[in-house]
>>> print(open('run02.cif').read())   # mmCIF, C-alpha atoms, pLDDT in the B column; chains and numbers go by the auth columns
data_model
loop_
_atom_site.group_PDB
_atom_site.id
_atom_site.type_symbol
_atom_site.label_atom_id
_atom_site.label_comp_id
_atom_site.label_asym_id
_atom_site.label_seq_id
_atom_site.Cartn_x
_atom_site.Cartn_y
_atom_site.Cartn_z
_atom_site.B_iso_or_equiv
_atom_site.auth_seq_id
_atom_site.auth_asym_id
ATOM 1 C CA MET A 1 -1.162 8.171 -13.842 46.00 11 A
ATOM 2 C CA THR A 2 -2.200 11.727 -13.044 51.00 12 A
ATOM 3 C CA VAL A 3 -0.127 14.209 -11.049 45.00 13 A
ATOM 4 C CA ALA A 4 -2.567 13.848 -8.150 54.00 14 A
ATOM 5 C CA ALA A 5 -2.274 10.057 -8.297 53.00 15 A
ATOM 6 C CA ILE A 6 1.520 10.227 -8.362 45.00 16 A
ATOM 7 C CA SER A 7 1.564 12.178 -5.104 56.00 17 A
ATOM 8 C CA HIS A 8 -0.411 9.356 -3.462 58.00 18 A
ATOM 9 C CA VAL A 9 2.018 6.590 -4.398 61.00 19 A
ATOM 10 C CA THR A 10 4.040 6.474 -1.181 69.00 20 A
ATOM 11 C CA ARG A 11 1.350 7.654 1.213 86.00 21 A
ATOM 12 C CA HIS A 12 -0.033 5.015 3.525 94.00 22 A
ATOM 13 C CA PRO A 13 -3.258 3.668 2.008 97.00 23 A
ATOM 14 C CA GLY A 14 -5.065 4.349 5.283 97.00 24 A
ATOM 15 C CA VAL A 15 -4.628 8.086 4.765 95.00 25 A
ATOM 16 C CA LEU A 16 -6.252 7.858 1.342 95.00 26 A
ATOM 17 C CA LEU A 17 -9.024 5.677 2.700 97.00 27 A
ATOM 18 C CA LYS A 18 -9.768 8.157 5.499 97.00 28 A
ATOM 19 C CA ASP A 19 -9.311 11.397 3.539 96.00 29 A
ATOM 20 C CA PHE A 20 -10.768 10.499 0.136 96.00 30 A
ATOM 21 C CA VAL A 21 -12.591 7.186 -0.088 97.00 31 A
ATOM 22 C CA LEU A 22 -14.874 7.194 2.953 98.00 32 A
ATOM 23 C CA PRO A 23 -15.906 10.849 2.443 98.00 33 A
ATOM 24 C CA GLY A 24 -16.415 10.150 -1.268 97.00 34 A
ATOM 25 C CA LEU A 25 -18.748 7.297 -0.377 98.00 35 A
ATOM 26 C CA GLY A 26 -20.497 9.334 2.311 98.00 36 A
ATOM 27 C CA LEU A 27 -19.560 6.752 4.949 98.00 37 A
ATOM 28 C CA SER A 28 -18.697 7.335 8.572 98.00 38 A
ATOM 29 C CA VAL A 29 -15.954 5.268 10.172 98.00 39 A
ATOM 30 C CA SER A 30 -18.586 3.380 12.168 98.00 40 A
ATOM 31 C CA GLN A 31 -20.644 2.542 9.088 98.00 41 A
ATOM 32 C CA ALA A 32 -17.575 1.529 7.072 98.00 42 A
ATOM 33 C CA ALA A 33 -16.379 -0.706 9.903 98.00 43 A
ATOM 34 C CA ARG A 34 -19.798 -2.388 10.117 99.00 44 A
ATOM 35 C CA ASP A 35 -19.977 -2.839 6.350 99.00 45 A
ATOM 36 C CA LEU A 36 -16.427 -4.233 6.203 99.00 46 A
ATOM 37 C CA GLY A 37 -16.982 -6.544 9.168 98.00 47 A
ATOM 38 C CA VAL A 38 -14.118 -5.071 11.205 99.00 48 A
ATOM 39 C CA SER A 39 -13.850 -2.961 14.338 98.00 49 A
ATOM 40 C CA ARG A 40 -13.574 0.827 14.281 98.00 50 A
ATOM 41 C CA GLN A 41 -10.242 0.385 16.073 98.00 51 A
ATOM 42 C CA THR A 42 -8.968 -1.700 13.154 98.00 52 A
ATOM 43 C CA LEU A 43 -9.836 1.096 10.734 98.00 53 A
ATOM 44 C CA HIS A 44 -8.288 3.746 12.976 98.00 54 A
ATOM 45 C CA ARG A 45 -5.017 1.759 13.131 98.00 55 A
ATOM 46 C CA ILE A 46 -4.990 1.664 9.327 98.00 56 A
ATOM 47 C CA PHE A 47 -5.879 5.370 9.123 97.00 57 A
ATOM 48 C CA ASP A 48 -2.981 6.410 11.374 95.00 58 A
ATOM 49 C CA ALA A 49 -0.551 3.999 9.670 94.00 59 A
ATOM 50 C CA SER A 50 0.072 2.043 12.853 96.00 60 A
ATOM 51 C CA ALA A 51 -1.228 -1.029 10.999 97.00 61 A
ATOM 52 C CA SER A 52 -0.575 -2.166 7.459 97.00 62 A
ATOM 53 C CA LEU A 53 -3.403 -2.740 5.052 97.00 63 A
ATOM 54 C CA THR A 54 -3.517 -6.541 4.736 98.00 64 A
ATOM 55 C CA PRO A 55 -4.550 -8.579 1.688 99.00 65 A
ATOM 56 C CA GLU A 56 -7.746 -9.504 3.533 99.00 66 A
ATOM 57 C CA MET A 57 -8.590 -5.841 4.149 99.00 67 A
ATOM 58 C CA ALA A 58 -7.741 -5.021 0.530 99.00 68 A
ATOM 59 C CA VAL A 59 -10.284 -7.615 -0.632 99.00 69 A
ATOM 60 C CA ARG A 60 -12.876 -6.212 1.784 99.00 70 A
ATOM 61 C CA LEU A 61 -12.252 -2.683 0.459 99.00 71 A
ATOM 62 C CA GLU A 62 -12.556 -3.914 -3.110 99.00 72 A
ATOM 63 C CA ALA A 63 -15.991 -5.302 -2.242 98.00 73 A
ATOM 64 C CA LEU A 64 -16.972 -2.067 -0.466 98.00 74 A
ATOM 65 C CA CYS A 65 -15.924 0.555 -2.989 98.00 75 A
ATOM 66 C CA GLY A 66 -14.880 -1.203 -6.201 98.00 76 A
ATOM 67 C CA ILE A 67 -11.229 -0.105 -6.019 98.00 77 A
ATOM 68 C CA SER A 68 -9.192 -3.212 -6.757 98.00 78 A
ATOM 69 C CA ALA A 69 -7.456 -5.099 -3.973 99.00 79 A
ATOM 70 C CA THR A 70 -4.334 -4.986 -6.134 98.00 80 A
ATOM 71 C CA TYR A 71 -4.374 -1.169 -6.055 97.00 81 A
ATOM 72 C CA TRP A 72 -4.617 -1.109 -2.250 97.00 82 A
ATOM 73 C CA LEU A 73 -1.779 -3.614 -1.893 97.00 83 A
ATOM 74 C CA GLN A 74 0.403 -1.721 -4.373 96.00 84 A
ATOM 75 C CA LEU A 75 -0.050 1.424 -2.276 96.00 85 A
ATOM 76 C CA GLN A 76 0.882 -0.466 0.891 97.00 86 A
ATOM 77 C CA CYS A 77 3.910 -2.030 -0.798 96.00 87 A
ATOM 78 C CA ALA A 78 5.126 1.330 -2.161 94.00 88 A
ATOM 79 C CA HIS A 79 4.761 2.871 1.296 95.00 89 A
ATOM 80 C CA ASP A 80 6.585 -0.019 2.981 95.00 90 A
ATOM 81 C CA LEU A 81 9.410 0.047 0.415 94.00 91 A
ATOM 82 C CA ARG A 82 9.888 3.774 0.885 94.00 92 A
ATOM 83 C CA ASP A 83 10.109 3.294 4.642 94.00 93 A
ATOM 84 C CA ALA A 84 12.532 0.372 4.277 96.00 94 A
ATOM 85 C CA ARG A 85 14.804 2.279 1.886 95.00 95 A
ATOM 86 C CA THR A 86 14.824 5.240 4.251 95.00 96 A
ATOM 87 C CA SER A 87 15.598 3.184 7.344 97.00 97 A
ATOM 88 C CA LEU A 88 18.315 1.189 5.549 97.00 98 A
ATOM 89 C CA ALA A 89 19.894 4.137 3.722 96.00 99 A
ATOM 90 C CA ASP A 90 23.163 3.899 5.672 97.00 100 A
ATOM 91 C CA ALA A 91 23.465 0.107 5.374 97.00 101 A
ATOM 92 C CA LEU A 92 22.594 -0.385 1.700 96.00 102 A
ATOM 93 C CA PRO A 93 25.805 1.060 0.209 95.00 103 A
ATOM 94 C CA HIS A 94 27.787 -1.576 2.133 97.00 104 A
ATOM 95 C CA ILE A 95 25.914 -4.550 0.683 96.00 105 A
ATOM 96 C CA PRO A 96 27.721 -6.026 -2.328 96.00 106 A
ATOM 97 C CA ARG A 97 25.634 -6.377 -5.485 92.00 107 A
ATOM 98 C CA TYR A 98 25.796 -9.546 -7.538 93.00 108 A
ATOM 99 C CA ARG A 99 24.200 -9.685 -10.973 90.00 109 A
ATOM 100 C CA LEU A 100 22.201 -12.473 -12.528 91.00 110 A
ATOM 101 C CA SER A 101 22.478 -12.905 -16.273 91.00 111 A
ATOM 102 C CA ARG A 102 19.887 -11.190 -18.433 90.00 112 A
ATOM 103 C CA ILE A 103 18.560 -14.612 -19.399 91.00 113 A
ATOM 104 C CA ALA A 104 18.031 -15.583 -15.762 91.00 114 A
ATOM 105 C CA MET A 105 16.372 -12.229 -15.054 90.00 115 A
ATOM 106 C CA LYS A 106 14.060 -12.713 -18.032 91.00 116 A
ATOM 107 C CA GLN A 107 13.159 -16.246 -16.916 92.00 117 A
ATOM 108 C CA LEU A 108 12.238 -14.875 -13.505 91.00 118 A
ATOM 109 C CA GLY A 109 10.264 -12.010 -15.016 91.00 119 A
ATOM 110 C CA ALA A 110 12.358 -9.704 -12.823 90.00 120 A
ATOM 111 C CA THR A 111 13.658 -6.222 -13.512 87.00 121 A
ATOM 112 C CA ASP A 112 17.056 -4.812 -12.630 82.00 122 A
ATOM 113 C CA ALA A 113 16.861 -2.391 -9.699 79.00 123 A
ATOM 114 C CA ARG A 114 19.726 -0.171 -10.847 65.00 124 A
#
>>> encode(input="run02.cif", output="structure tokens")
Amino acid sequence: MTVAAISHVTRHPGVLLKDFVLPGLGLSVSQAARDLGVSRQTLHRIFDASASLTPEMAVRLEALCGISATYWLQLQCAHDLRDARTSLADALPHIPRYRLSRIAMKQLGATDAR
């Protein structure tokens, strides 16, 4: 991952869509909305982060620009996790942590969030 890509990790995907992808494709908001089959208002809510980028929108964007739906959803998830950790910062230290065995973690395919 490049330095530029790293700085995008916790930004809302709508910001990247508005600032980089649509201009890079030479698309206006109106044209992108028509091509995606959504309203301009839907795109504006994603652009201003008042709406999350849904799996359905991620698949539409994949079809539009070739950037994988998984990438879009990973950006949304990283953004949402950052917001959740920030809003819960005072509460988290008071939640007891229980540990599964390494075997159980491996069976789940999970990683330890230390």
>>> atom_distance(input="run02.cif", atom1="atom CA of A:Asp100", atom2="atom CA of A:Ala88")
19.8 Å
>>> resolve_selection(input="run02.cif", expression="the PyMOL selection byres ((chain A and resi 60-73) around 10)", output="mmCIF file with C-alpha atoms, in the frame of the given file")
data_model
loop_
_atom_site.group_PDB
_atom_site.id
_atom_site.type_symbol
_atom_site.label_atom_id
_atom_site.label_comp_id
_atom_site.auth_asym_id
_atom_site.auth_seq_id
_atom_site.Cartn_x
_atom_site.Cartn_y
_atom_site.Cartn_z
ATOM 1 C CA HIS A 22 -0.033 5.015 3.525
ATOM 2 C CA PRO A 23 -3.258 3.668 2.008
ATOM 3 C CA GLY A 24 -5.065 4.349 5.283
ATOM 4 C CA LEU A 27 -9.024 5.677 2.700
ATOM 5 C CA VAL A 31 -12.591 7.186 -0.088
ATOM 6 C CA ALA A 42 -17.575 1.529 7.072
ATOM 7 C CA ASP A 45 -19.977 -2.839 6.350
ATOM 8 C CA LEU A 46 -16.427 -4.233 6.203
ATOM 9 C CA GLY A 47 -16.982 -6.544 9.168
ATOM 10 C CA VAL A 48 -14.118 -5.071 11.205
ATOM 11 C CA THR A 52 -8.968 -1.700 13.154
ATOM 12 C CA LEU A 53 -9.836 1.096 10.734
ATOM 13 C CA HIS A 54 -8.288 3.746 12.976
ATOM 14 C CA ARG A 55 -5.017 1.759 13.131
ATOM 15 C CA ILE A 56 -4.990 1.664 9.327
ATOM 16 C CA PHE A 57 -5.879 5.370 9.123
ATOM 17 C CA ASP A 58 -2.981 6.410 11.374
ATOM 18 C CA ALA A 59 -0.551 3.999 9.670
ATOM 19 C CA LEU A 74 -16.972 -2.067 -0.466
ATOM 20 C CA CYS A 75 -15.924 0.555 -2.989
ATOM 21 C CA GLY A 76 -14.880 -1.203 -6.201
ATOM 22 C CA ILE A 77 -11.229 -0.105 -6.019
ATOM 23 C CA SER A 78 -9.192 -3.212 -6.757
ATOM 24 C CA ALA A 79 -7.456 -5.099 -3.973
ATOM 25 C CA THR A 80 -4.334 -4.986 -6.134
ATOM 26 C CA TYR A 81 -4.374 -1.169 -6.055
ATOM 27 C CA TRP A 82 -4.617 -1.109 -2.250
ATOM 28 C CA LEU A 83 -1.779 -3.614 -1.893
ATOM 29 C CA LEU A 85 -0.050 1.424 -2.276
ATOM 30 C CA GLN A 86 0.882 -0.466 0.891
ATOM 31 C CA CYS A 87 3.910 -2.030 -0.798
ATOM 32 C CA HIS A 89 4.761 2.871 1.296
ATOM 33 C CA ASP A 90 6.585 -0.019 2.981
#
>>> atom_distance(input="run02.cif", atom1="atom CA of A:Pro103", atom2="atom CA of A:Leu118")
25.0 Å
>>> atom_distance(input="run02.cif", atom1="atom CA of A:Arg92", atom2="atom CA of A:Gly119")
22.4 Å
>>> axis_aligned_box(input="run02.cif", around="stretch 22-33 of chain A", padding_each_side="3 Å", output="lines of an AutoDock Vina configuration file")
center_x = -8.0
center_y = 7.5
center_z = 2.7
size_x = 21.9
size_y = 13.7
size_z = 11.6
